[in-house]
Each structure stands twice: as C-alpha cells, then as structure tokens.
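S.K.: Input structure: entry_34.cif, which contains mmCIF, C-alpha atoms and all ligand atoms.
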data_structure
loop_
_atom_site.label_atom_id
_atom_site.label_comp_id
_atom_site.auth_asym_id
_atom_site.auth_seq_id
_atom_site.Cartn_x
_atom_site.Cartn_y
_atom_site.Cartn_z
CA MET A 1 -7.21 7.55 21.27
CA THR A 2 -4.73 5.70 19.06
CA HIS A 3 -1.17 6.98 18.83
CA ILE A 4 1.61 6.07 16.40
CA VAL A 5 4.71 5.42 18.48
CA GLY A 6 7.06 3.91 15.87
CA PHE A 7 7.64 3.96 12.10
CA GLY A 8 9.56 1.56 9.84
CA GLY A 9 10.15 1.01 6.14
CA TYR A 10 12.14 -1.29 3.90
CA VAL A 11 12.78 -1.77 0.18
CA PRO A 12 14.97 -4.42 -1.46
CA GLU A 13 18.31 -3.25 -2.84
CA ARG A 14 17.88 -4.27 -6.46
CA VAL A 15 16.69 -1.38 -8.64
CA MET A 16 15.00 -2.16 -11.96
CA THR A 17 14.69 0.70 -14.46
CA ASN A 18 12.14 1.19 -17.22
CA ASP A 19 14.91 0.58 -19.78
CA GLU A 20 15.39 -2.89 -18.29
CA TRP A 21 11.66 -3.57 -18.74
CA ALA A 22 12.01 -2.44 -22.38
CA LEU A 23 14.48 -5.30 -22.92
CA LEU A 24 11.89 -7.83 -21.69
CA VAL A 25 8.56 -6.61 -23.13
CA ASP A 26 7.37 -4.28 -25.89
CA THR A 27 7.51 -1.02 -23.93
CA THR A 28 9.64 2.12 -23.57
CA ASP A 29 10.86 4.34 -20.75
CA GLU A 30 8.90 7.14 -22.45
CA TRP A 31 5.58 5.22 -22.39
CA ILE A 32 5.91 4.18 -18.76
CA THR A 33 7.06 7.65 -17.63
CA GLN A 34 4.33 9.52 -19.52
CA ARG A 35 1.48 7.23 -18.46
CA THR A 36 2.51 6.54 -14.87
CA GLY A 37 5.43 8.72 -13.73
CA ILE A 38 7.32 5.55 -12.74
CA LYS A 39 11.06 5.49 -13.55
CA ARG A 40 12.29 2.65 -11.32
CA ARG A 41 11.07 0.02 -8.88
CA ARG A 42 12.72 -2.37 -6.40
CA ILE A 43 12.77 -6.13 -6.92
CA ALA A 44 13.18 -8.54 -3.99
CA ALA A 45 16.25 -10.79 -4.04
CA PRO A 46 15.69 -14.55 -4.45
CA ASP A 47 16.41 -15.11 -0.76
CA GLU A 48 13.85 -12.49 0.30
CA SER A 49 10.15 -13.16 0.79
CA THR A 50 7.08 -11.28 1.99
CA LEU A 51 7.97 -12.35 5.53
CA THR A 52 11.54 -11.05 5.43
CA LEU A 53 10.40 -7.73 3.92
CA ALA A 54 7.75 -7.40 6.65
CA GLY A 55 10.26 -8.41 9.32
CA ASN A 56 12.74 -5.70 8.28
CA ALA A 57 10.13 -2.92 8.40
CA ALA A 58 8.57 -4.26 11.63
CA ARG A 59 11.91 -4.45 13.47
CA MET A 60 12.61 -0.83 12.54
CA ALA A 61 9.18 0.31 13.75
CA ILE A 62 9.53 -1.55 17.06
CA LYS A 63 13.05 -0.16 17.59
CA ASP A 64 11.82 3.33 16.69
CA SER A 65 9.07 3.03 19.30
CA GLY A 66 11.58 2.22 22.03
CA LEU A 67 9.67 -0.99 22.74
CA THR A 68 10.65 -4.63 22.28
CA PRO A 69 8.88 -7.50 20.46
CA ASP A 70 7.73 -8.61 23.91
CA ASP A 71 5.60 -5.46 24.22
CA ILE A 72 3.50 -6.20 21.11
CA ASP A 73 -0.05 -7.34 21.98
CA GLU A 74 -1.47 -7.90 18.48
CA ILE A 75 -0.25 -7.99 14.87
CA ILE A 76 -2.02 -7.19 11.59
CA VAL A 77 -0.30 -7.71 8.25
CA ALA A 78 -2.00 -6.09 5.25
CA THR A 79 -0.91 -7.89 2.09
CA ASP A 80 -2.21 -9.34 -1.15
CA THR A 81 1.01 -11.28 -1.67
CA PRO A 82 1.27 -13.39 1.49
CA GLU A 83 4.18 -15.63 2.42
CA MET A 84 2.00 -18.68 1.77
CA TYR A 85 -1.66 -19.58 1.25
CA THR A 86 -2.11 -20.60 4.88
CA PRO A 87 -1.24 -19.77 7.64
CA ASP A 88 -1.24 -16.00 7.61
CA THR A 89 1.95 -13.99 7.21
CA ALA A 90 1.21 -12.29 10.55
CA ALA A 91 1.56 -15.60 12.44
CA LEU A 92 4.93 -16.23 10.79
CA LEU A 93 5.96 -12.64 11.57
CA GLN A 94 5.09 -13.09 15.25
CA ASP A 95 7.53 -16.01 15.38
CA LEU A 96 10.22 -14.25 13.31
CA LEU A 97 10.17 -11.21 15.60
CA GLY A 98 10.10 -13.30 18.78
CA CYS A 99 6.82 -11.82 20.03
CA ARG A 100 4.67 -13.52 22.66
CA ASN A 101 1.75 -15.78 21.59
CA VAL A 102 -0.45 -12.76 20.85
CA PRO A 103 -3.28 -12.76 18.30
CA THR A 104 -2.27 -12.14 14.69
CA TYR A 105 -4.14 -11.90 11.45
CA ASP A 106 -3.71 -10.85 7.83
CA LEU A 107 -5.89 -8.31 6.14
CA GLY A 108 -5.69 -9.76 2.64
CA GLY A 109 -7.33 -9.11 -0.69
CA SER A 110 -7.90 -5.39 -0.11
CA GLY A 111 -5.27 -4.56 -2.66
CA CYS A 112 -3.47 -1.34 -2.06
CA ALA A 113 -6.04 -0.01 0.45
CA GLY A 114 -5.08 -2.74 2.95
CA PHE A 115 -2.80 -0.74 5.25
CA VAL A 116 -5.18 2.19 5.79
CA GLN A 117 -8.03 -0.28 6.37
CA ALA A 118 -5.83 -2.12 8.88
CA LEU A 119 -5.21 1.19 10.64
CA ASP A 120 -8.98 1.54 11.00
CA VAL A 121 -9.28 -1.98 12.47
CA ALA A 122 -6.35 -1.38 14.82
CA ARG A 123 -7.71 1.88 16.21
CA ALA A 124 -11.06 0.17 16.89
CA ARG A 125 -9.25 -2.66 18.71
CA ILE A 126 -7.25 -0.18 20.81
CA ALA A 127 -10.40 1.84 21.63
CA PHE A 128 -12.15 -1.39 22.67
CA SER A 129 -9.30 -2.45 24.91
CA PRO A 130 -5.95 -0.61 25.18
CA ARG A 131 -3.10 -2.58 23.64
CA THR A 132 0.10 -2.16 21.60
CA MET A 133 -0.35 -3.17 17.98
CA LEU A 134 2.05 -3.76 15.12
CA VAL A 135 0.51 -2.98 11.72
CA VAL A 136 2.49 -3.83 8.59
CA GLY A 137 1.78 -3.19 4.91
CA VAL A 138 3.91 -5.41 2.69
CA GLU A 139 3.97 -6.67 -0.89
CA LEU A 140 6.32 -8.81 -2.91
CA ILE A 141 4.24 -8.28 -6.02
CA THR A 142 6.97 -8.75 -8.60
CA ARG A 143 7.22 -12.48 -7.81
CA MET A 144 3.49 -13.02 -8.33
CA LEU A 145 3.08 -11.14 -11.62
CA ASP A 146 3.07 -12.25 -15.22
CA TRP A 147 6.36 -10.74 -16.41
CA SER A 148 5.25 -11.00 -20.04
CA ASP A 149 2.22 -8.73 -19.52
CA ARG A 150 3.45 -5.19 -20.21
CA SER A 151 0.13 -3.62 -19.21
CA THR A 152 0.48 -4.64 -15.55
CA ALA A 153 4.03 -5.84 -14.81
CA VAL A 154 5.77 -2.49 -15.27
CA LEU A 155 3.52 -0.80 -12.70
CA PHE A 156 4.62 -2.61 -9.55
CA GLY A 157 7.50 -2.94 -7.09
CA ASP A 158 8.31 -4.58 -3.75
CA ALA A 159 8.39 -2.87 -0.32
CA ALA A 160 7.22 -2.96 3.28
CA GLY A 161 6.18 -0.34 5.81
CA ALA A 162 5.16 -0.66 9.45
CA VAL A 163 3.85 1.29 12.41
CA VAL A 164 3.55 0.52 16.10
CA LEU A 165 0.31 1.83 17.59
CA GLY A 166 -0.69 2.24 21.19
CA PRO A 167 -3.05 4.03 23.58
CA ASP A 168 -0.40 6.25 25.18
CA PRO A 169 0.81 9.54 23.67
CA GLY A 170 3.48 9.10 20.99
CA ARG A 171 4.71 10.91 17.88
CA ALA A 172 1.30 11.18 16.18
CA ARG A 173 -2.39 10.60 16.89
CA VAL A 174 -4.77 8.79 14.55
CA LEU A 175 -7.70 11.20 14.72
CA GLU A 176 -10.11 9.52 12.32
CA VAL A 177 -10.30 6.94 9.54
CA VAL A 178 -12.98 6.53 6.87
CA SER A 179 -13.17 3.55 4.55
CA GLY A 180 -15.56 2.07 2.02
CA THR A 181 -16.02 -0.69 -0.53
CA ASP A 182 -17.96 -1.06 -3.76
CA GLY A 183 -18.06 -4.81 -4.31
CA SER A 184 -19.97 -4.38 -7.57
CA ALA A 185 -16.72 -3.01 -9.04
CA ALA A 186 -14.71 -6.08 -7.98
CA GLY A 187 -14.17 -7.08 -11.62
CA ILE A 188 -12.09 -4.05 -12.54
CA LEU A 189 -8.99 -5.46 -10.83
CA THR A 190 -8.76 -9.20 -10.14
CA LEU A 191 -6.42 -12.12 -9.91
CA ALA A 192 -9.19 -14.70 -10.01
CA ALA A 193 -7.27 -17.99 -10.04
CA GLY A 194 -6.30 -19.82 -6.85
CA GLY A 195 -9.60 -19.63 -4.98
CA THR A 196 -12.43 -22.16 -4.85
CA ARG A 197 -14.07 -20.75 -7.97
CA ASN A 198 -11.03 -21.46 -10.05
CA PRO A 199 -8.44 -23.44 -8.04
CA PHE A 200 -4.79 -23.72 -9.04
CA ASN A 201 -4.48 -26.76 -11.28
CA ARG A 202 -2.91 -27.90 -14.51
CA GLN A 203 -5.43 -25.87 -16.52
CA THR A 204 -4.81 -22.57 -14.71
CA LEU A 205 -1.08 -23.21 -15.05
CA GLU A 206 -1.18 -24.02 -18.75
CA SER A 207 -3.55 -21.16 -19.61
CA GLY A 208 -1.45 -18.68 -17.62
CA GLU A 209 -4.46 -17.68 -15.47
CA TYR A 210 -2.55 -18.53 -12.29
CA ASN A 211 -0.77 -15.18 -12.28
CA ARG A 212 -2.92 -13.12 -14.64
CA LEU A 213 -3.88 -9.80 -13.12
CA VAL A 214 -6.91 -8.60 -15.07
CA MET A 215 -7.20 -4.83 -14.88
CA ASP A 216 -9.47 -2.27 -16.51
CA GLY A 217 -6.83 0.44 -16.20
CA ARG A 218 -9.06 3.35 -17.23
CA ARG A 219 -11.88 2.37 -14.88
CA VAL A 220 -9.42 1.83 -11.99
CA PHE A 221 -8.00 5.27 -12.75
CA THR A 222 -11.41 6.98 -12.67
CA GLU A 223 -12.56 5.18 -9.51
CA ALA A 224 -9.24 5.87 -7.77
CA VAL A 225 -9.46 9.61 -8.37
CA ALA A 226 -13.13 9.86 -7.34
CA ARG A 227 -12.87 7.64 -4.26
CA MET A 228 -9.58 8.96 -2.84
CA SER A 229 -10.58 12.61 -3.18
CA GLN A 230 -14.00 11.92 -1.62
CA ALA A 231 -12.40 9.92 1.22
CA VAL A 232 -10.03 12.81 1.99
CA SER A 233 -12.94 15.30 2.05
CA ASP A 234 -14.97 12.93 4.25
CA VAL A 235 -12.22 12.40 6.82
CA LEU A 236 -11.61 16.16 7.01
CA ASP A 237 -15.35 16.80 7.50
CA ARG A 238 -15.40 14.30 10.36
CA ILE A 239 -12.65 16.15 12.23
CA GLY A 240 -14.03 19.60 11.39
CA LYS A 241 -11.01 20.63 9.28
CA THR A 242 -10.50 21.73 5.68
CA ILE A 243 -7.78 21.00 3.17
CA ASP A 244 -6.17 24.34 4.13
CA ASP A 245 -5.46 22.89 7.58
CA VAL A 246 -3.55 19.96 6.06
CA SER A 247 0.27 20.00 6.02
CA LEU A 248 0.76 16.94 3.84
CA VAL A 249 -1.31 14.40 1.90
CA ILE A 250 0.31 10.97 1.48
CA PRO A 251 -1.69 9.21 -1.24
CA HIS A 252 -1.35 5.67 -2.51
CA GLN A 253 1.44 5.68 -5.11
CA ALA A 254 -0.01 3.92 -8.16
CA ASN A 255 0.32 6.53 -10.86
CA LEU A 256 1.51 10.16 -10.89
CA ARG A 257 -1.46 11.14 -13.06
CA ILE A 258 -3.89 9.71 -10.48
CA ILE A 259 -2.09 11.62 -7.71
CA ASP A 260 -2.18 14.84 -9.79
CA ALA A 261 -5.89 14.44 -10.53
CA VAL A 262 -6.66 13.93 -6.82
CA ARG A 263 -4.52 16.94 -5.96
CA LYS A 264 -6.43 19.12 -8.45
CA LYS A 265 -9.80 17.88 -7.18
CA LEU A 266 -8.77 18.72 -3.62
CA GLN A 267 -7.31 22.06 -4.81
CA VAL A 268 -4.06 21.53 -3.00
CA GLY A 269 -0.55 22.59 -4.08
CA GLU A 270 2.16 20.16 -5.24
CA ASP A 271 4.24 20.98 -2.16
CA LYS A 272 1.52 19.47 0.06
CA VAL A 273 1.37 16.08 -1.70
CA PHE A 274 4.05 13.46 -1.15
CA VAL A 275 5.22 11.56 -4.25
CA ASN A 276 7.73 8.70 -4.53
CA VAL A 277 6.06 6.68 -7.31
CA HIS A 278 8.91 7.56 -9.73
CA GLU A 279 11.37 5.74 -7.46
CA TYR A 280 9.39 2.70 -6.29
CA GLY A 281 6.31 2.21 -8.52
CA ASN A 282 3.16 0.81 -6.98
CA THR A 283 4.05 -1.27 -3.92
CA GLY A 284 0.45 -2.13 -2.99
CA SER A 285 -0.33 -2.15 0.73
CA ALA A 286 3.23 -0.99 1.42
CA THR A 287 3.06 2.36 -0.39
CA VAL A 288 1.35 4.37 2.37
CA PRO A 289 3.29 3.08 5.44
CA PHE A 290 6.59 3.14 3.51
CA ALA A 291 5.94 6.73 2.33
CA LEU A 292 4.89 7.71 5.87
CA TRP A 293 8.16 6.33 7.24
CA GLN A 294 10.13 8.19 4.54
CA CYS A 295 8.37 11.46 5.42
CA VAL A 296 9.15 11.02 9.12
CA GLU A 297 12.78 10.07 8.40
CA ALA A 298 13.30 13.01 6.04
CA GLY A 299 11.76 15.51 8.46
CA ARG A 300 8.99 16.18 5.95
CA VAL A 301 6.49 16.13 8.81
CA SER A 302 6.94 17.80 12.17
CA GLU A 303 5.08 18.36 15.39
CA GLY A 304 1.73 20.08 14.85
CA ASP A 305 1.31 18.86 11.25
CA LEU A 306 -2.00 17.36 10.13
CA VAL A 307 -1.22 14.56 7.67
CA ILE A 308 -3.81 12.76 5.54
CA LEU A 309 -3.19 9.21 4.30
CA THR A 310 -5.38 7.85 1.51
CA ALA A 311 -5.43 4.73 -0.63
CA PHE A 312 -7.56 2.66 -3.01
CA GLY A 313 -7.33 -0.90 -4.21
CA ALA A 314 -8.90 -4.02 -5.65
CA GLY A 315 -12.30 -4.70 -4.14
CA PHE A 316 -12.98 -1.89 -4.96
CA HIS A 317 -11.80 -0.45 -1.62
CA TRP A 318 -10.81 3.03 -0.50
CA ALA A 319 -9.82 4.65 2.78
CA ALA A 320 -8.41 7.84 4.28
CA ALA A 321 -6.90 8.57 7.69
CA ALA A 322 -6.24 11.85 9.49
CA VAL A 323 -3.04 11.78 11.55
CA GLN A 324 -2.02 14.64 13.85
CA PHE A 325 1.73 14.93 14.54
C1 LIG A 401 -2.61 1.25 -16.84
C2 LIG A 401 -2.50 2.70 -17.26
C3 LIG A 401 -1.11 3.21 -16.96
C4 LIG A 401 -2.71 2.77 -18.76
O1 LIG A 401 -2.66 4.11 -19.16
P1 LIG A 401 -3.76 4.63 -20.17
O2 LIG A 401 -3.46 6.06 -20.47
O3 LIG A 401 -5.10 4.32 -19.57
O4 LIG A 401 -3.46 3.75 -21.41
P2 LIG A 401 -4.39 3.60 -22.66
O5 LIG A 401 -5.57 2.75 -22.29
O6 LIG A 401 -4.67 4.94 -23.27
O7 LIG A 401 -3.44 2.86 -23.64
C5 LIG A 401 -3.37 1.52 -23.58
C6 LIG A 401 -2.52 1.13 -24.78
O8 LIG A 401 -1.18 1.09 -24.35
C7 LIG A 401 -0.68 -0.24 -24.50
N1 LIG A 401 0.18 -0.53 -23.38
C8 LIG A 401 -0.16 -1.05 -22.18
N2 LIG A 401 0.94 -1.18 -21.42
C9 LIG A 401 1.98 -0.73 -22.14
C10 LIG A 401 3.35 -0.61 -21.91
N3 LIG A 401 3.91 -0.96 -20.74
N4 LIG A 401 4.13 -0.08 -22.87
C11 LIG A 401 3.61 0.29 -24.06
N5 LIG A 401 2.31 0.19 -24.35
C12 LIG A 401 1.50 -0.31 -23.39
C13 LIG A 401 -1.93 -1.12 -24.51
O9 LIG A 401 -1.68 -2.31 -25.19
C14 LIG A 401 -2.90 -0.24 -25.25
O10 LIG A 401 -2.62 -0.33 -26.64
P3 LIG A 401 -3.80 -0.26 -27.75
O11 LIG A 401 -4.39 1.11 -27.59
O12 LIG A 401 -3.10 -0.46 -29.03
O13 LIG A 401 -4.75 -1.33 -27.37
C15 LIG A 401 -3.54 3.58 -16.54
O14 LIG A 401 -4.83 3.28 -17.04
C16 LIG A 401 -3.54 3.39 -15.07
O15 LIG A 401 -2.55 3.65 -14.39
N6 LIG A 401 -4.66 2.95 -14.49
C17 LIG A 401 -4.72 2.67 -13.08
C18 LIG A 401 -4.05 1.36 -12.80
C19 LIG A 401 -3.72 1.16 -11.36
O16 LIG A 401 -3.56 2.09 -10.60
N7 LIG A 401 -3.61 -0.10 -10.95
C20 LIG A 401 -3.25 -0.47 -9.63
C21 LIG A 401 -4.38 -0.34 -8.72
S1 LIG A 401 -3.90 -0.54 -7.05
#
Turn this file's structure into structure tokens for me.
M.R.:
Amino acid sequence: MTHIVGFGGYVPERVMTNDEWALLVDTTDEWITQRTGIKRRRIAAPDESTLTLAGNAARMAIKDSGLTPDDIDEIIVATDTPEMYTPDTAALLQDLLGCRNVPTYDLGGSGCAGFVQALDVARARIAFSPRTMLVVGVELITRMLDWSDRSTAVLFGDAAGAVVLGPDPGRARVLEVVSGTDGSAAGILTLAAGGTRNPFNRQTLESGEYNRLVMDGRRVFTEAVARMSQAVSDVLDRIGKTIDDVSLVIPHQANLRIIDAVRKKLQVGEDKVFVNVHEYGNTGSATVPFALWQCVEAGRVSEGDLVILTAFGAGFHWAAAAVQF
C-alpha cells in the first residue's frame, strides 16, 4: 500500500489580475471571469524557474514528512514546462535538494494530468519494491506562453505542489488510481514546435510557432467534463464506494464551468468540491498537488475522509485517484 507522508505547495508572490491582462490584450475582467471563473494568477519572478518552484514545494513536503532529502529513494517530476530540454528537471531537483544518487525522471507532455499519472506510476513502483518517493507537479507556464494570444494566455498561472510517498502508514493512503489516454484527440491541445517534426529554428521563431499553444477550447471543455467525471466514477467503482462516501473532490483547476459541469454530472454538492481557480488560474500539473496541500493546510480534510483527485490534460490524458485520510 502507498501512503502519503508529506505535502508541500508553493506559488510565486507576484499576483496578476484580469485587469492587468486587459491592458495587454483585447480582453476584459468580465469576459475572463464569466468564461473561466479566473480572477488572478501568480507569475514567477525573473530569478525563479521551474526548478526553484519545484524545490520550494519539495522541501516543504520532505520537511512535512519528518524525513530528510537523504531518505528519498526516487523522484518523479510531472511537468510540461521543464527547466531545460535535457536533462530532466528531476535530475536537477535531486542535486538541488541534496538527495543521494537515486533514480529520477520527468513525466512530461501529459499536460495537466501529469501529477495524478505520476501518482499512479509511483504507487506501482512502491508496490513492486518498497521505497520513499518524492512526486512533484510543477509548471512555469507563463514564461512559455504567447503573451499576445488572449485565447490561451489569460488561462494560466505558475505553481508547484509535492508529496512524499512511502510504504509505511502516514497521513493518507492512496487506495486506487485510474488513468487513460485518447491519442486520437492529441490535436485538440498542442504546442507542436520544438520536437523532431518541427524543430526550433529561425522559421518557427519568425512565424511565432515556437510558443503557440493551439487549443480547441470547446472540444477540450467537452472532453474534460466527460473524462474527469467518468474517471471519478471508475475509481469509486474499483474501491466499492459511491460519491456519497466522498468527503471532497479535488479536480484539476482549469475552468470553473468545467468543474461545475463535472460536479453536476457526479451529482455532488458545491461544499464537496474544492475550487481555487479564481485565485491561481490553471497551473497545469501543479493544480492538483498544490490544491491538495492547501486542503491539508487549511484543515479542509481530516482523518477518515475519502478524497478524490482528478485531472485531464493534453494527450488527451485523464486520471483519478482515491485517497483515504
Ligand atoms: C477557452 C474557453 C475559456 C473559451 O470559452 P468559450 O465559452 O468556449 O468561448 P467561445 O468559443 O464561446 O468564444 C470564443 C470567442 O471569444 C474570443 N476570446 C477568446 N479569448 C478571449 C479573451 N481572453 N477575451 C475576450 N475574448 C476572447 C474568441 O476570439 C472568440 O471570438 P469570436 O467568437 O469572435 O471568434 C473555454 O472553451 C475553455 O475553458 N475550454 C477549456 C480550455 C482548457 O481547459 N484548457 C486547458 C487544458 S489543461
């Protein structure tokens, strides 16, 4: 069995409001609020990077677990905005934290589903051979986006969240995780430049493709609602529970309307669904672990609570986890 023994979360200090976006692109606070529920997001400082964000959340999670960096046996970093192209952010994080020469790897390209997928990988690794794992979800999306594209730029923010997992009893148990991918829907959310198909070069720079996130917003919306609600039902079926047994659902924070639609499909009250999208926007792989940390810090979850985490992202990926406190 996999247990969560430590939680951590970090957001940069700088707050950017919708009104500030309205000074940069043709948008309004009203449009962003009505369509997404987002009011503000955090923007990393120039001297911050994906690695420093991850490091801040990871240090908190390790401290919270009562362990030291020396106790970590393996590290996974879920991110679509890595520190650099190669090597992986997880290797750099191992060094930053002062961990031993333990295996590390990034789970990249899974968009916002990355952290919950990483949780699935980690629990399989722990079941295979008991070990202490650090799993981080982190994004510094605002530095990678096209700031002139109002249809995507206003949606995102920067954050990091982390958990320490182990085989011995801790604050919560990961009971089950389900995840899935529909690769035929890959085209609905892509940043296609920078790979071998279309490498970074003068042409991708001049055409603006290098940072162009292409998104079919309506299709992403529909898929997100269908996949997250199905994933939650599936994970509950696997553990023989129903939505009535659930104390709190922590969904990926992309859009308040998506969260509301999932909530209605699951027939669950507003008080049982955690929302922070108005404060932080969509922080990709960081939304779920950061929200989880916030819930623990704020006493929103307590012993005995069944908590469901769920996320979706580019791929098209989805996942849900059942966590027993
Ligand atoms: C992107 C999203 C907010 C758009 O909302 P929507 O209700 O689908 O918007 P619509 O398609 O009805 O409207 C789009 C119109 O608003 C305009 N628009 C887009 N961004 C805008 C902005 N920031 N401000 C003002 N207008 C904007 C578009 O140009 C378009 O105008 P047109 O109709 O004249 O062409 C919504 O589709 C969404 O959240 N989808 C999911 C995206 C997501 O979660 N992505 C992350 C995945 S991890």
S.K.: What's around Lys241 (chain A) at 12 Å? Count all atoms listed in the file, leave out sequence neighbours fewer than 2 positions away in its own chain, and write the answer as a PyMOL selection string.
M.R.: chain A and resi 175-176+232-239+243-247+306-308+322+324
S.K.: Listing only residues of chain A within 8 Å of ligand LIG 401 (chain A), what is the closest atom pair and its distance in Å (to one decimal) for each, using only C-alpha atoms and all ligand atoms, sorted by chain and residue number ascending, as JSON lines?
M.R.:
{"residue": "A:Val25", "atom": "CA", "partner": "A:LIG401", "partner_atom": "N3", "distance": 7.7}
{"residue": "A:Asp26", "atom": "CA", "partner": "A:LIG401", "partner_atom": "N4", "distance": 6.1}
{"residue": "A:Thr27", "atom": "CA", "partner": "A:LIG401", "partner_atom": "N4", "distance": 3.7}
{"residue": "A:Thr28", "atom": "CA", "partner": "A:LIG401", "partner_atom": "N4", "distance": 6.0}
{"residue": "A:Trp31", "atom": "CA", "partner": "A:LIG401", "partner_atom": "N4", "distance": 5.5}
{"residue": "A:Ile32", "atom": "CA", "partner": "A:LIG401", "partner_atom": "N3", "distance": 5.9}
{"residue": "A:Arg35", "atom": "CA", "partner": "A:LIG401", "partner_atom": "C3", "distance": 5.0}
{"residue": "A:Thr36", "atom": "CA", "partner": "A:LIG401", "partner_atom": "C3", "distance": 5.3}
{"residue": "A:Gly111", "atom": "CA", "partner": "A:LIG401", "partner_atom": "S1", "distance": 6.1}
{"residue": "A:Cys112", "atom": "CA", "partner": "A:LIG401", "partner_atom": "S1", "distance": 5.1}
{"residue": "A:Ala113", "atom": "CA", "partner": "A:LIG401", "partner_atom": "S1", "distance": 7.8}
{"residue": "A:Asp149", "atom": "CA", "partner": "A:LIG401", "partner_atom": "N2", "distance": 7.9}
{"residue": "A:Arg150", "atom": "CA", "partner": "A:LIG401", "partner_atom": "N3", "distance": 4.3}
{"residue": "A:Ser151", "atom": "CA", "partner": "A:LIG401", "partner_atom": "N2", "distance": 3.4}
{"residue": "A:Thr152", "atom": "CA", "partner": "A:LIG401", "partner_atom": "C1", "distance": 6.8}
{"residue": "A:Ala153", "atom": "CA", "partner": "A:LIG401", "partner_atom": "N3", "distance": 7.7}
{"residue": "A:Val154", "atom": "CA", "partner": "A:LIG401", "partner_atom": "N3", "distance": 6.0}
{"residue": "A:Leu155", "atom": "CA", "partner": "A:LIG401", "partner_atom": "N7", "distance": 7.4}
{"residue": "A:Leu189", "atom": "CA", "partner": "A:LIG401", "partner_atom": "C21", "distance": 7.2}
{"residue": "A:Met215", "atom": "CA", "partner": "A:LIG401", "partner_atom": "N7", "distance": 7.1}
{"residue": "A:Asp216", "atom": "CA", "partner": "A:LIG401", "partner_atom": "O14", "distance": 7.3}
{"residue": "A:Gly217", "atom": "CA", "partner": "A:LIG401", "partner_atom": "O14", "distance": 3.6}
{"residue": "A:Arg218", "atom": "CA", "partner": "A:LIG401", "partner_atom": "O14", "distance": 4.2}
{"residue": "A:Arg219", "atom": "CA", "partner": "A:LIG401", "partner_atom": "N6", "distance": 7.3}
{"residue": "A:Val220", "atom": "CA", "partner": "A:LIG401", "partner_atom": "C17", "distance": 4.9}
{"residue": "A:Phe221", "atom": "CA", "partner": "A:LIG401", "partner_atom": "C17", "distance": 4.2}
{"residue": "A:Thr222", "atom": "CA", "partner": "A:LIG401", "partner_atom": "C17", "distance": 8.0}
{"residue": "A:Ala224", "atom": "CA", "partner": "A:LIG401", "partner_atom": "O16", "distance": 7.4}
{"residue": "A:Ala254", "atom": "CA", "partner": "A:LIG401", "partner_atom": "O16", "distance": 4.7}
{"residue": "A:Asn255", "atom": "CA", "partner": "A:LIG401", "partner_atom": "O15", "distance": 5.4}
{"residue": "A:Arg257", "atom": "CA", "partner": "A:LIG401", "partner_atom": "O15", "distance": 7.7}
{"residue": "A:Ile258", "atom": "CA", "partner": "A:LIG401", "partner_atom": "O15", "distance": 7.3}
{"residue": "A:Asn282", "atom": "CA", "partner": "A:LIG401", "partner_atom": "C20", "distance": 7.1}
{"residue": "A:Gly284", "atom": "CA", "partner": "A:LIG401", "partner_atom": "S1", "distance": 6.2}
{"residue": "A:Phe312", "atom": "CA", "partner": "A:LIG401", "partner_atom": "S1", "distance": 6.3}
{"residue": "A:Gly313", "atom": "CA", "partner": "A:LIG401", "partner_atom": "S1", "distance": 4.5}
{"residue": "A:Ala314", "atom": "CA", "partner": "A:LIG401", "partner_atom": "S1", "distance": 6.3}
S.K.: Of the candidates A:Ile250, A:Tyr280, A:Gly166, A:Gly315, which one gets nearest to Ser129 (chain A) if we count only C-alpha atoms?
M.R.: A:Gly166
S.K.: What's the 10 Å shell around Ala118 (chain A), counting only C-alpha atoms, without same-chain residues fewer than 4 positions away, as an NGL selection string?
M.R.: :A and (76-78 or 106-108 or 110 or 113-114 or 122-124 or 135-137 or 285 or 319)
S.K.: Quick one: pull the distance between CA of Ser179 (chain A) and CA of Ser49 (chain A), Å, one decimal.
M.R.: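 Result for CA of Ser179 (chain A) versus CA of Ser49 (chain A): 28.9 Å, one decimal.
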S.K.: Between A:Val225, A:Ala127, A:Val102, A:Ile188, which one has atoms that come closest to Leu213 (chain A), using all atoms listed in the file?
M.R.: A:Ile188
S.K.: Tell me which of A:Leu24, A:Ile62, A:Ala160, A:Leu51 sits closest to Pro12 (chain A), counting all atoms listed in the file.
M.R.: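 When distances to Pro12 (chain A) are compared using all atoms listed in the file, the smallest one comes from A:Ala160.
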S.K.: Kindly provide, as a PDB file with C-alpha atoms, in the frame of the given file, the polymer residues lying within 8 Å of (4.8, -13.4, 23.3), counting all atoms listed in the file and using the coordinates exactly as they appear in the file.
M.R.:
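Listing of out.pdb after writing:
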ATOM      1  CA  PRO A  69       8.880  -7.500  20.460  1.00  0.00           C
ATOM      2  CA  ASP A  70       7.730  -8.610  23.910  1.00  0.00           C
ATOM      3  CA  ILE A  72       3.500  -6.200  21.110  1.00  0.00           C
ATOM      4  CA  ASP A  73      -0.050  -7.340  21.980  1.00  0.00           C
ATOM      5  CA  GLY A  98      10.100 -13.300  18.780  1.00  0.00           C
ATOM      6  CA  CYS A  99       6.820 -11.820  20.030  1.00  0.00           C
ATOM      7  CA  ARG A 100       4.670 -13.520  22.660  1.00  0.00           C
ATOM      8  CA  ASN A 101       1.750 -15.780  21.590  1.00  0.00           C
ATOM      9  CA  VAL A 102      -0.450 -12.760  20.850  1.00  0.00           C
TER      10      VAL A 102
END
S.K.: What gap, in Å, lies between CA of Ile75 (chain A) and CA of Leu134 (chain A)?
M.R.: 4.8 Å
S.K.: With 5 Å added on each side, what axis-aligned box encloses every listed atom of region 75-92 of chain A? Give the centre and edge lengths in Å to one decimal, as JSON.
M.R.:
{"center_x": 1.4, "center_y": -13.3, "center_z": 6.6, "size_x": 17.1, "size_y": 24.5, "size_z": 26.5}
S.K.: Taking only C-alpha atoms into account, name the residue in A:Asp71, A:Glu13, A:Asp29, A:Asp80 that is nearest to Glu48 (chain A).
M.R.: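 Smallest separation from Glu48 (chain A) among the options: A:Glu13.
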S.K.: Nearest to Asp271 (chain A): which of A:Gly37, A:Leu248, A:Phe316, A:Val214 is it, counting all atoms listed in the file?
M.R.: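 The shortest atom-to-atom distance to Asp271 (chain A) comes from A:Leu248.
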S.K.: Using all atoms listed in the file, which residue out of A:Ile38, A:Ala192, A:Val5, A:Val178 lies closest to Trp318 (chain A)?
M.R.: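 The answer is A:Val178, which sits nearest to Trp318 (chain A).
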S.K.: Using only C-alpha atoms, find all polymer residues with an atom at most 10 Å away from the point (14.3, 4.0, -11.5); report them as a VMD selection string.
M.R.: chain A and resid 15 to 20 29 38 to 42 277 to 281
S.K.: So the first atom is CA of Gln94 (chain A) and the second is CA of Phe290 (chain A); what is the distance between them in Å, to one decimal place?
M.R.: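 Taking CA of Gln94 (chain A) as the start and CA of Phe290 (chain A) as the end point, the length is 20.1 Å.
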S.K.: If we count all atoms listed in the file, what is near Asp64 (chain A) at a cut-off of 10 Å, once residues fewer than 5 positions away on the same chain are taken out, given as a CSV table (one decimal) with C-alpha atoms, in the coordinates of the input?
M.R.:
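Once written, around.csv looks like this:
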chain,number,residue,atom,x,y,z
A,5,VAL,CA,4.7,5.4,18.5
A,6,GLY,CA,7.1,3.9,15.9
A,7,PHE,CA,7.6,4.0,12.1
A,8,GLY,CA,9.6,1.6,9.8
A,58,ALA,CA,8.6,-4.3,11.6
A,59,ARG,CA,11.9,-4.4,13.5
A,163,VAL,CA,3.8,1.3,12.4
A,164,VAL,CA,3.6,0.5,16.1
